[in-house]
Amino acid sequence: MPEFDLAIRGGTVVTAADTFPAEIGIRDGRIAAVASRVGDAARTIDAGGLLVLPGGIDSHVHIDQPSGPGIVMADDFASATRAAAAGGNTCVMPFALQPRGESLREVAAAYRAKAEGRCHIDVAIHLIVSDPTPAVLGQELPALITAGYTSFKVFMTYDDLVLNDRQILEVFEVARREGARVMVHAEGYDTIRYLSERLERSGQTGPYGHALSRPQPVEREAAHRAITHAELVDLPIVIVHVSGEEAMEQIAWAQGRGLKIHAETCPQYLTLTAEDMKGLGAEDPIAGAKYVCSPPPRDAASQAAIWSGLQRGVFDLVSSDHCPFRYDDPQGKLNPKGRTSFRWIPNGLPGIETRLPLLFSEGVSKGRISLNRFVALTATNHAKLYGLYPRKGSIGPGFDADLTLWDPKRRETITQKNLHHGSDYTPWEGFAVTGWPVMTIAGGQVIAEEGRILSEPGRGRVLDRTIDRAGPFA
Ligand code: URP
Ligand code: ZN
Ligand code: ZN
Ligand code: ZN
C-alpha cells in the first residue's frame with residue numbers, strides 16, 4: 001500500500017507566511033505531509049513550474065438568494081460552486097437571507113436544504129438578519145450561532161433589509177454575547193433615497209444614476225456609524241465591499257485607535273469605475289446595468305487608495321461579492337422596471353470565477369502585493385475570520401487537502417464563453433491577465449483542470465463552524 005493517496009511534487013508551496021519548494025502527501029482528504037521529499041503515493045501530480053496555493057476561500061458570495069419580485073439570481077449551488085472551482089476556489093460562503101416576517105431558523109434550514117447534495121466544493125453559510133424581533137434576538141439567532149452559523153450580515157440600506165441604529169446595536173449585542181462574527185453593509189439608507197428621488201425628478205434615470213445616488217460620502221458616513229456602534233458594544237466587525245478612499249479612511253482611523261474593525265474589498269473596486277455604468281459605446285442605453293452593484297465602483301484615485309490599503313494591511317479580505325444576474329433577461333438586469341429607473345436594476349456582479357486571476361494579475365504580477373499577501377487576502381484570512389481555521393486556509397499537516405495549482409506566467413483573456421457561472425456576461429470581458437489556476441484539488445480530489453470540471457455536484461459539504469473566542473482575529 002502506498003503511504004499517500006496523492007502526492008504533489010515539483011511545485012513551490014505558498015502560504016500567507018512562506019514560499020518554499022516542497023512535496024505534499026495527501027491521505028483521506030487531508031494534507032498528511034509537507035516535506036522536501038514525501039513517500040510513495042497512489043497518484044502523483046507534477047507541479048513543476050507551478051505554485052501550490054491553499055484553495056481560494058470566497059467568504060462573500062450570493063447564491064440562489066431571493067432578489068425581489070420577478071428577479072431571479074443566475075446561479076444555484078451547482079453552477080456557482082462549479083464556477084468557483086474552475087476559478088481556483090475550494091470553499092465559498094453564501095448567505096441565508098431572512099425575509100422580514102419569516103423565521104430565521106426556518107430560513108436557514110431551507111437554504112441549507114438547497115445546498116445539500118448540489119455543491120462541488122465545501123460551503124459554509126452566513127445568515128442575513130433583516131427582522132431582529134425579540135424571538136430572533138432572544139432565541140433563534142443564539143441557537144443558530146451555537147448550531148454552526150457563526151457569522152451574519154446586517155444591512156444599513158435596501159428597503160427590505162435595512163436595520164435602524166437601535167436594531168444594529170441590538171444585533172451587535174447578541175453577536176458579542178454569543179461570539180459571532182458580524183459583516184456590515186455600510187451605505188446610508190435615507191441619504192440614498194433622498195439622492196435617488198432627486199435624480200429621478202431631474203430625469204437621470206439611467207444606470208449611471210446608480211453611481212450618483214450612492215457617492216462616497218454615503219458609504220463614508222455609514223462606515224463611521226457602524227464603527228461607532230461596534231465601539232459602543234465592543235464588538236469586532238467586518239465592513240464588507242469597501243469601494244473607495246473615503247470609507248477606507250474611516251476604517252484606517254478606527255484601526256489606528258485600536259478598534260477591531262476588519263475590512264473587505266473586491267476586484268471590482270480595483271478594476272472598474274463608475275464610468276462603466278455609462279455604457280459608452282454600447283447599443284442599448286442601459287448596457288451600463290451590467291456594472292450596477294453596491295457600493296458602486298468609483299474612480300482611478302479610489303482604486304489607487306484601495307491598493308495602498310491592501311498593502312498597508314487596512315484590508316484583511318478580498319472577496320468577489322459574486323451576485324449574479326443575467327443581463328439579457330427580463331428577470332435580470334433588463335427587467336422592464338429597470339428601464340424606468342436605475343432603482344430597479346438588480347444590484348450585483350458575477351465574479352466568483354474571476355476573483356483570483358484578477359487579484360493575482362493586477363496585484364502580484366504587477367508587483368503591488370506579494371504572493372504571501374495574495375494567499376492571506378484570498379484564503380487564510382477568510383478561514384481565520386470566519387471560523388474555518390485551522391481546518392482550511394493554509395497548507396500543512398492536518399489541513400483539508402484543498403489546493404490550487406497556479407501558473408504565475410500563464411496569460412489569459414477573460415471571456416464569458418470560457419466561464420462556468422449562470423450569468424450571461426462578465427464585467428471583465430476582454431480583460432487580459434497574467435497568472436491562472438490550472439488545477440483545483442478539493443479534499444484530495446482533482447475537481448477542476450484547465451477549465452474542465454471533474455467533480456459531481458454533492459461532493460462538497462455544508463460545513464458547520466464552532467465559536468473560538470480565543471481564535472485568530474478574536
Ligand atoms: O450590489 C451588490 N453588492 N449586491 C450584492 C448584495 C450586497 O449588498 O452584497
Ligand atoms: Zn452588501
Ligand atoms: Zn483586520
Ligand atoms: Zn454581497
# chains A, B, ... in the order shown; residues from 1 in each chain; ligands from 1
$ residues_around --residues "range 259-269 of chain A" --least-positions-apart "3" --cutoff "6 Å" --atoms "only C-alpha atoms" --output "VMD selection string"
chain A and resid 236 to 243 254 to 255 272 297 315 to 320
$ write_last_selection --atoms "all heavy atoms" --output "tab-separated table (two decimals), in the first residue's frame"
chain	number	residue	atom	x	y	z
A	236	PRO	N	-15.89	43.29	17.53
A	236	PRO	CA	-15.15	43.35	16.26
A	236	PRO	C	-16.14	43.16	15.11
A	236	PRO	O	-17.03	42.30	15.20
A	236	PRO	CB	-14.19	42.16	16.33
A	236	PRO	CG	-14.29	41.61	17.71
A	236	PRO	CD	-15.59	42.06	18.29
A	237	ILE	N	-16.02	43.93	14.05
A	237	ILE	CA	-16.89	43.74	12.88
A	237	ILE	C	-16.05	43.71	11.61
A	237	ILE	O	-14.88	44.11	11.61
A	237	ILE	CB	-17.96	44.86	12.74
A	237	ILE	CG1	-17.30	46.24	12.64
A	237	ILE	CG2	-18.98	44.79	13.86
A	237	ILE	CD1	-18.28	47.36	12.24
A	238	VAL	N	-16.68	43.22	10.53
A	238	VAL	CA	-16.06	43.27	9.21
A	238	VAL	C	-16.91	44.21	8.35
A	238	VAL	O	-18.11	43.97	8.17
A	238	VAL	CB	-16.04	41.88	8.53
A	238	VAL	CG1	-15.32	41.97	7.19
A	238	VAL	CG2	-15.39	40.83	9.42
A	239	ILE	N	-16.32	45.26	7.86
A	239	ILE	CA	-17.02	46.13	6.92
A	239	ILE	C	-16.71	45.60	5.52
A	239	ILE	O	-15.54	45.53	5.12
A	239	ILE	CB	-16.61	47.61	7.08
A	239	ILE	CG1	-16.97	48.04	8.52
A	239	ILE	CG2	-17.32	48.48	6.05
A	239	ILE	CD1	-16.78	49.51	8.83
A	240	VAL	N	-17.77	45.16	4.84
A	240	VAL	CA	-17.57	44.43	3.58
A	240	VAL	C	-17.62	45.38	2.39
A	240	VAL	O	-18.06	46.53	2.49
A	240	VAL	CB	-18.60	43.29	3.42
A	240	VAL	CG1	-18.38	42.21	4.47
A	240	VAL	CG2	-20.04	43.80	3.45
A	241	HIS	N	-17.18	44.86	1.28
A	241	HIS	CA	-17.15	45.53	-0.03
A	241	HIS	C	-16.87	47.04	0.06
A	241	HIS	O	-17.65	47.85	-0.43
A	241	HIS	CB	-18.38	45.21	-0.88
A	241	HIS	CG	-19.73	45.31	-0.23
A	241	HIS	ND1	-20.10	46.37	0.54
A	241	HIS	CD2	-20.80	44.47	-0.27
A	241	HIS	CE1	-21.35	46.18	0.94
A	241	HIS	NE2	-21.79	45.03	0.48
A	242	VAL	N	-15.72	47.36	0.65
A	242	VAL	CA	-15.32	48.78	0.74
A	242	VAL	C	-14.85	49.22	-0.66
A	242	VAL	O	-13.99	48.60	-1.27
A	242	VAL	CB	-14.19	48.95	1.78
A	242	VAL	CG1	-13.69	50.39	1.79
A	242	VAL	CG2	-14.69	48.53	3.15
A	243	SER	N	-15.44	50.31	-1.14
A	243	SER	CA	-15.27	50.67	-2.55
A	243	SER	C	-14.27	51.79	-2.78
A	243	SER	O	-13.80	51.97	-3.91
A	243	SER	CB	-16.61	51.11	-3.13
A	243	SER	OG	-16.96	52.39	-2.60
A	254	ALA	N	-10.18	54.10	12.57
A	254	ALA	CA	-10.65	53.25	13.68
A	254	ALA	C	-9.57	52.25	14.09
A	254	ALA	O	-9.31	52.03	15.28
A	254	ALA	CB	-11.93	52.52	13.26
A	255	GLN	N	-8.93	51.64	13.09
A	255	GLN	CA	-7.86	50.67	13.39
A	255	GLN	C	-6.73	51.37	14.15
A	255	GLN	O	-6.16	50.80	15.09
A	255	GLN	CB	-7.35	50.04	12.09
A	255	GLN	CG	-8.37	49.12	11.43
A	255	GLN	CD	-7.97	48.69	10.02
A	255	GLN	OE1	-7.08	49.28	9.41
A	255	GLN	NE2	-8.65	47.67	9.51
A	272	LEU	N	-12.73	48.40	-12.00
A	272	LEU	CA	-13.84	49.06	-12.71
A	272	LEU	C	-14.00	50.47	-12.15
A	272	LEU	O	-13.50	50.79	-11.07
A	272	LEU	CB	-15.15	48.27	-12.52
A	272	LEU	CG	-15.13	46.79	-12.91
A	272	LEU	CD1	-16.49	46.15	-12.60
A	272	LEU	CD2	-14.79	46.61	-14.38
A	297	PRO	N	-18.51	50.88	-8.13
A	297	PRO	CA	-17.11	51.18	-8.41
A	297	PRO	C	-16.94	52.69	-8.55
A	297	PRO	O	-17.86	53.39	-8.96
A	297	PRO	CB	-16.85	50.47	-9.74
A	297	PRO	CG	-17.88	49.39	-9.81
A	297	PRO	CD	-19.09	49.96	-9.13
A	315	PHE	N	-6.97	46.22	4.82
A	315	PHE	CA	-7.88	45.15	4.41
A	315	PHE	C	-7.34	43.79	4.80
A	315	PHE	O	-6.14	43.54	4.70
A	315	PHE	CB	-8.07	45.18	2.89
A	315	PHE	CG	-8.78	46.41	2.41
A	315	PHE	CD1	-8.07	47.46	1.87
A	315	PHE	CD2	-10.16	46.52	2.53
A	315	PHE	CE1	-8.72	48.61	1.44
A	315	PHE	CE2	-10.83	47.66	2.10
A	315	PHE	CZ	-10.10	48.71	1.56
A	316	ASP	N	-8.25	42.92	5.24
A	316	ASP	CA	-7.90	41.52	5.51
A	316	ASP	C	-8.35	40.62	4.37
A	316	ASP	O	-7.86	39.50	4.25
A	316	ASP	CB	-8.61	41.02	6.78
A	316	ASP	CG	-8.20	41.81	7.98
A	316	ASP	OD1	-7.02	41.86	8.29
A	316	ASP	OD2	-9.10	42.42	8.62
A	317	LEU	N	-9.36	41.05	3.64
A	317	LEU	CA	-10.07	40.15	2.74
A	317	LEU	C	-10.28	40.76	1.36
A	317	LEU	O	-10.64	41.95	1.26
A	317	LEU	CB	-11.47	39.84	3.29
A	317	LEU	CG	-11.59	39.28	4.70
A	317	LEU	CD1	-13.04	39.32	5.16
A	317	LEU	CD2	-11.07	37.84	4.73
A	318	VAL	N	-10.07	39.95	0.33
A	318	VAL	CA	-10.60	40.28	-0.99
A	318	VAL	C	-11.57	39.17	-1.36
A	318	VAL	O	-11.20	38.00	-1.47
A	318	VAL	CB	-9.50	40.41	-2.06
A	318	VAL	CG1	-10.11	40.64	-3.44
A	318	VAL	CG2	-8.54	41.55	-1.70
A	319	SER	N	-12.84	39.53	-1.47
A	319	SER	CA	-13.90	38.58	-1.83
A	319	SER	C	-14.47	39.01	-3.17
A	319	SER	O	-14.19	40.10	-3.65
A	319	SER	CB	-15.02	38.61	-0.78
A	319	SER	OG	-14.51	38.40	0.52
A	320	SER	N	-15.31	38.14	-3.74
A	320	SER	CA	-15.89	38.54	-5.04
A	320	SER	C	-17.17	39.35	-4.88
A	320	SER	O	-17.50	40.14	-5.74
A	320	SER	CB	-16.19	37.30	-5.88
A	320	SER	OG	-17.23	36.53	-5.30
$ select_by_dssp --residues "range 106-227 of chain A" --states "helix (DSSP H, G or I)" --output "MDAnalysis selection string"
chainID A and resid 106:115 134:147 165:178 189:201 208:213 216:227
$ residues_around --residues "Gln65 in chain A" --least-positions-apart "3" --cutoff "12 Å" --atoms "only C-alpha atoms" --output "ChimeraX atom specification"
/A:61-62,68,71-77,80,94-99,107-108,110-112,114-115,127-128,322-325,348
$ write_last_selection --atoms "N, CA, C and O atoms" --output "compact mmCIF listing (two decimals), in the first residue's frame"
# COMPACT_ATOMS: atom_id res chain seq x y z
N VAL A 61 -20.28 35.57 -1.14
CA VAL A 61 -20.92 35.27 -2.42
C VAL A 61 -22.43 35.12 -2.20
O VAL A 61 -22.86 34.74 -1.11
N HIS A 62 -23.19 35.45 -3.20
CA HIS A 62 -24.65 35.30 -3.14
C HIS A 62 -25.05 34.23 -4.14
O HIS A 62 -24.71 34.31 -5.32
N GLY A 68 -36.17 39.82 -4.95
CA GLY A 68 -37.26 40.76 -5.25
C GLY A 68 -38.19 40.19 -6.30
O GLY A 68 -37.82 39.26 -7.03
N ILE A 71 -37.42 38.89 -10.11
CA ILE A 71 -35.96 38.86 -10.35
C ILE A 71 -35.42 37.51 -9.89
O ILE A 71 -35.75 37.05 -8.79
N VAL A 72 -34.60 36.91 -10.73
CA VAL A 72 -34.05 35.59 -10.40
C VAL A 72 -32.53 35.63 -10.44
O VAL A 72 -31.95 36.10 -11.42
N MET A 73 -31.91 35.16 -9.39
CA MET A 73 -30.45 35.11 -9.36
C MET A 73 -29.98 34.05 -10.37
O MET A 73 -30.62 33.02 -10.54
N ALA A 74 -28.85 34.31 -11.01
CA ALA A 74 -28.44 33.48 -12.14
C ALA A 74 -27.73 32.18 -11.73
O ALA A 74 -27.46 31.35 -12.58
N ASP A 75 -27.38 32.03 -10.46
CA ASP A 75 -26.68 30.82 -10.05
C ASP A 75 -27.42 30.07 -8.97
O ASP A 75 -27.88 30.67 -7.99
N ASP A 76 -27.47 28.75 -9.12
CA ASP A 76 -27.84 27.89 -8.00
C ASP A 76 -26.54 27.33 -7.40
O ASP A 76 -25.44 27.69 -7.85
N PHE A 77 -26.65 26.46 -6.42
CA PHE A 77 -25.44 25.98 -5.77
C PHE A 77 -24.55 25.19 -6.72
O PHE A 77 -23.33 25.27 -6.62
N ALA A 80 -22.84 27.84 -9.22
CA ALA A 80 -21.91 28.76 -8.53
C ALA A 80 -20.66 28.03 -8.05
O ALA A 80 -19.54 28.53 -8.20
N PRO A 94 -21.94 31.61 1.13
CA PRO A 94 -23.11 32.38 0.73
C PRO A 94 -23.99 32.70 1.94
O PRO A 94 -23.65 32.36 3.08
N PHE A 95 -25.11 33.35 1.69
CA PHE A 95 -25.95 33.90 2.76
C PHE A 95 -27.36 33.31 2.75
O PHE A 95 -28.03 33.34 1.72
N ALA A 96 -27.82 32.87 3.91
CA ALA A 96 -29.24 32.54 4.08
C ALA A 96 -29.94 33.83 4.53
O ALA A 96 -29.71 34.32 5.63
N LEU A 97 -30.74 34.38 3.62
CA LEU A 97 -31.35 35.70 3.85
C LEU A 97 -32.73 35.56 4.48
O LEU A 97 -33.59 34.85 3.96
N GLN A 98 -32.91 36.27 5.59
CA GLN A 98 -34.20 36.27 6.28
C GLN A 98 -35.11 37.35 5.67
O GLN A 98 -34.87 38.53 5.89
N PRO A 99 -36.15 36.97 4.92
CA PRO A 99 -37.13 38.00 4.53
C PRO A 99 -37.91 38.42 5.77
O PRO A 99 -38.13 37.61 6.68
N VAL A 107 -35.60 29.83 7.67
CA VAL A 107 -34.86 30.31 6.51
C VAL A 107 -33.52 29.58 6.40
O VAL A 107 -33.12 29.13 5.32
N ALA A 108 -32.83 29.45 7.52
CA ALA A 108 -31.53 28.79 7.50
C ALA A 108 -31.67 27.32 7.09
O ALA A 108 -30.89 26.81 6.28
N ALA A 110 -34.08 25.94 5.30
CA ALA A 110 -34.49 25.82 3.89
C ALA A 110 -33.31 26.12 2.96
O ALA A 110 -33.12 25.45 1.93
N TYR A 111 -32.48 27.08 3.35
CA TYR A 111 -31.34 27.44 2.50
C TYR A 111 -30.32 26.30 2.50
O TYR A 111 -29.77 25.93 1.47
N ARG A 112 -30.10 25.75 3.67
CA ARG A 112 -29.18 24.62 3.77
C ARG A 112 -29.65 23.45 2.90
O ARG A 112 -28.85 22.80 2.22
N LYS A 114 -31.27 23.65 0.18
CA LYS A 114 -30.96 23.96 -1.23
C LYS A 114 -29.52 23.60 -1.57
O LYS A 114 -29.21 23.26 -2.70
N ALA A 115 -28.62 23.74 -0.58
CA ALA A 115 -27.20 23.50 -0.83
C ALA A 115 -26.85 22.01 -0.77
O ALA A 115 -26.02 21.54 -1.57
N LEU A 127 -25.67 34.04 7.82
CA LEU A 127 -27.06 34.47 7.85
C LEU A 127 -27.13 35.95 7.46
O LEU A 127 -26.15 36.68 7.58
N ILE A 128 -28.31 36.39 7.00
CA ILE A 128 -28.61 37.83 6.88
C ILE A 128 -29.80 38.10 7.78
O ILE A 128 -30.87 37.49 7.61
N HIS A 322 -19.78 37.96 -5.37
CA HIS A 322 -20.50 37.37 -6.52
C HIS A 322 -22.00 37.48 -6.29
O HIS A 322 -22.51 36.97 -5.29
N CYS A 323 -22.69 38.14 -7.18
CA CYS A 323 -24.13 38.34 -7.03
C CYS A 323 -24.69 38.41 -8.44
O CYS A 323 -24.89 39.48 -9.00
N PRO A 324 -24.89 37.22 -9.04
CA PRO A 324 -25.05 37.14 -10.48
C PRO A 324 -26.49 37.31 -10.95
O PRO A 324 -27.42 36.66 -10.46
N PHE A 325 -26.68 38.17 -11.92
CA PHE A 325 -27.94 38.25 -12.65
C PHE A 325 -27.61 38.13 -14.12
O PHE A 325 -26.52 38.49 -14.54
N GLY A 348 -25.52 43.94 -8.30
CA GLY A 348 -24.57 42.85 -8.13
C GLY A 348 -23.91 42.44 -9.42
O GLY A 348 -24.47 42.61 -10.51
$ residues_near_ligand --ligand "ligand 1" --cutoff "7 Å" --atoms "only C-alpha atoms and all ligand atoms" --output "list in words"
His62, His185, Val292, Cys293, Ser294, Pro295, Asp321, Cys323, Asn347, Gly348 and Leu349 of chain A
$ residues_around --residues "Ala448 in chain A" --least-positions-apart "5" --cutoff "8 Å" --atoms "only C-alpha atoms" --output "list in words"
Ala85, Ala86, Val438, Met439, Thr440, Ile441, Ile453, Leu454 and Ser455 of chain A
$ write_last_selection --atoms "N, CA, C and O atoms" --output "PDB file, in the first residue's frame"
ATOM      1  N   ALA A  85     -14.964  26.520  -8.466  1.00  0.00           N
ATOM      2  CA  ALA A  85     -13.907  25.503  -8.591  1.00  0.00           C
ATOM      3  C   ALA A  85     -13.027  25.783  -9.799  1.00  0.00           C
ATOM      4  O   ALA A  85     -11.796  25.723  -9.723  1.00  0.00           O
ATOM      5  N   ALA A  86     -13.644  26.121 -10.924  1.00  0.00           N
ATOM      6  CA  ALA A  86     -12.861  26.407 -12.137  1.00  0.00           C
ATOM      7  C   ALA A  86     -11.948  27.614 -11.906  1.00  0.00           C
ATOM      8  O   ALA A  86     -10.875  27.707 -12.502  1.00  0.00           O
ATOM      9  N   VAL A 438      -4.612  26.360 -12.869  1.00  0.00           N
ATOM     10  CA  VAL A 438      -4.651  25.279 -13.858  1.00  0.00           C
ATOM     11  C   VAL A 438      -5.258  23.994 -13.292  1.00  0.00           C
ATOM     12  O   VAL A 438      -5.738  23.150 -14.036  1.00  0.00           O
ATOM     13  N   MET A 439      -5.255  23.869 -11.962  1.00  0.00           N
ATOM     14  CA  MET A 439      -5.874  22.676 -11.368  1.00  0.00           C
ATOM     15  C   MET A 439      -6.380  23.013  -9.970  1.00  0.00           C
ATOM     16  O   MET A 439      -5.691  23.687  -9.204  1.00  0.00           O
ATOM     17  N   THR A 440      -7.599  22.548  -9.655  1.00  0.00           N
ATOM     18  CA  THR A 440      -8.144  22.744  -8.318  1.00  0.00           C
ATOM     19  C   THR A 440      -8.350  21.378  -7.675  1.00  0.00           C
ATOM     20  O   THR A 440      -8.965  20.482  -8.280  1.00  0.00           O
ATOM     21  N   ILE A 441      -7.812  21.237  -6.471  1.00  0.00           N
ATOM     22  CA  ILE A 441      -7.894  19.976  -5.727  1.00  0.00           C
ATOM     23  C   ILE A 441      -8.676  20.258  -4.444  1.00  0.00           C
ATOM     24  O   ILE A 441      -8.325  21.174  -3.693  1.00  0.00           O
ATOM     25  N   ILE A 453     -14.542  20.705 -15.467  1.00  0.00           N
ATOM     26  CA  ILE A 453     -14.995  20.320 -14.132  1.00  0.00           C
ATOM     27  C   ILE A 453     -15.003  18.798 -14.050  1.00  0.00           C
ATOM     28  O   ILE A 453     -15.623  18.124 -14.877  1.00  0.00           O
ATOM     29  N   LEU A 454     -14.319  18.254 -13.050  1.00  0.00           N
ATOM     30  CA  LEU A 454     -14.173  16.797 -12.949  1.00  0.00           C
ATOM     31  C   LEU A 454     -14.948  16.216 -11.767  1.00  0.00           C
ATOM     32  O   LEU A 454     -14.932  15.014 -11.551  1.00  0.00           O
ATOM     33  N   SER A 455     -15.605  17.057 -10.992  1.00  0.00           N
ATOM     34  CA  SER A 455     -16.347  16.541  -9.834  1.00  0.00           C
ATOM     35  C   SER A 455     -17.834  16.536 -10.137  1.00  0.00           C
ATOM     36  O   SER A 455     -18.289  17.105 -11.121  1.00  0.00           O
TER      37      SER A 455
END
$ select_by_dssp --residues "range 331-473 of chain A" --states "strand (DSSP E)" --output "count of residues only"
31
$ atom_distance --atom1 "CA of Ile467 in chain A" --atom2 "CA of Thr380 in chain A"
17.3 Å
$ closest_residue --among "A:Pro350, A:Pro357, A:Gly443, A:Gly39" --to "ligand 4" --atoms "only C-alpha atoms and all ligand atoms"
A:Pro350
$ atom_distance --atom1 "CA of Tyr158 in chain A" --atom2 "CA of Trp344 in chain A"
11.5 Å
$ residues_around --residues "His420 in chain A" --least-positions-apart "4" --cutoff "10 Å" --atoms "only C-alpha atoms" --output "tab-separated table (two decimals) with C-alpha atoms, in the first residue's frame"
chain	number	residue	atom	x	y	z
A	75	ASP	CA	-26.68	30.82	-10.05
A	79	SER	CA	-23.46	26.36	-11.05
A	80	ALA	CA	-21.91	28.76	-8.53
A	81	THR	CA	-19.66	26.14	-6.97
A	82	ARG	CA	-18.72	24.77	-10.40
A	83	ALA	CA	-17.61	28.26	-11.45
A	84	ALA	CA	-15.83	28.76	-8.14
A	85	ALA	CA	-13.91	25.50	-8.59
A	86	ALA	CA	-12.86	26.41	-12.14
A	87	GLY	CA	-11.57	29.70	-10.73
A	352	ILE	CA	-16.80	34.07	-8.38
A	353	GLU	CA	-14.56	32.62	-11.11
A	416	GLN	CA	-17.79	34.81	-20.95
A	424	ASP	CA	-24.69	35.52	-19.47
A	451	GLY	CA	-11.36	24.80	-17.11
A	452	ARG	CA	-12.90	21.32	-17.14
A	453	ILE	CA	-14.99	20.32	-14.13
$ closest_residue --among "A:Thr15, A:Gly188, A:Thr133, A:Ile31" --to "ligand 2" --atoms "only C-alpha atoms and all ligand atoms"
A:Gly188
$ residues_around --residues "Pro132 in chain A" --least-positions-apart "3" --cutoff "9 Å" --atoms "only C-alpha atoms" --output "compact mmCIF listing (two decimals) with N, CA and C atoms, in the first residue's frame"
# COMPACT_ATOMS: atom_id res chain seq x y z
N ARG A 100 -38.27 39.71 5.82
CA ARG A 100 -38.99 40.20 7.00
C ARG A 100 -40.24 39.37 7.25
N VAL A 129 -29.62 38.97 8.75
CA VAL A 129 -30.69 39.28 9.70
C VAL A 129 -31.37 40.58 9.24
N ALA A 135 -38.01 37.38 19.30
CA ALA A 135 -37.77 35.93 19.16
C ALA A 135 -36.46 35.65 18.43
N VAL A 136 -36.16 36.48 17.43
CA VAL A 136 -34.90 36.28 16.69
C VAL A 136 -33.71 36.59 17.59
N LEU A 137 -33.78 37.73 18.28
CA LEU A 137 -32.66 38.14 19.13
C LEU A 137 -32.50 37.23 20.35
N LEU A 141 -31.46 33.49 16.84
CA LEU A 141 -30.08 33.82 16.46
C LEU A 141 -29.07 33.13 17.39
N LEU A 163 -31.56 47.89 8.64
CA LEU A 163 -31.81 47.96 10.09
C LEU A 163 -31.56 49.39 10.54
N GLN A 167 -31.63 48.84 16.09
CA GLN A 167 -31.61 47.41 15.76
C GLN A 167 -30.17 46.91 15.56
N ILE A 168 -29.36 47.74 14.93
CA ILE A 168 -27.95 47.32 14.73
C ILE A 168 -27.27 47.12 16.09
N GLU A 170 -28.65 46.31 18.83
CA GLU A 170 -29.19 45.11 19.49
C GLU A 170 -28.62 43.82 18.89
N VAL A 171 -28.49 43.77 17.55
CA VAL A 171 -27.91 42.54 16.98
C VAL A 171 -26.41 42.46 17.30
$ residues_around --residues "Asp165 in chain A" --least-positions-apart "2" --cutoff "12 Å" --atoms "only C-alpha atoms" --output "list in words"
Val154, Phe155, Met156, Thr157, Val162, Leu163, Gln167, Ile168, Leu169, Glu170, Val171, Phe172, Ala186, Gly188, Tyr189, Ala222, Arg225, Ala226, Ile227, Thr228, His229, Ala230 and Leu232 of chain A
$ atom_distance --atom1 "CA of Arg118 in chain A" --atom2 "CA of Asp64 in chain A"
11.9 Å
$ closest_residue --among "A:Val233, A:Ile251, A:Ala78, A:Glu102" --to "Gly458 in chain A" --atoms "only C-alpha atoms"
A:Ala78
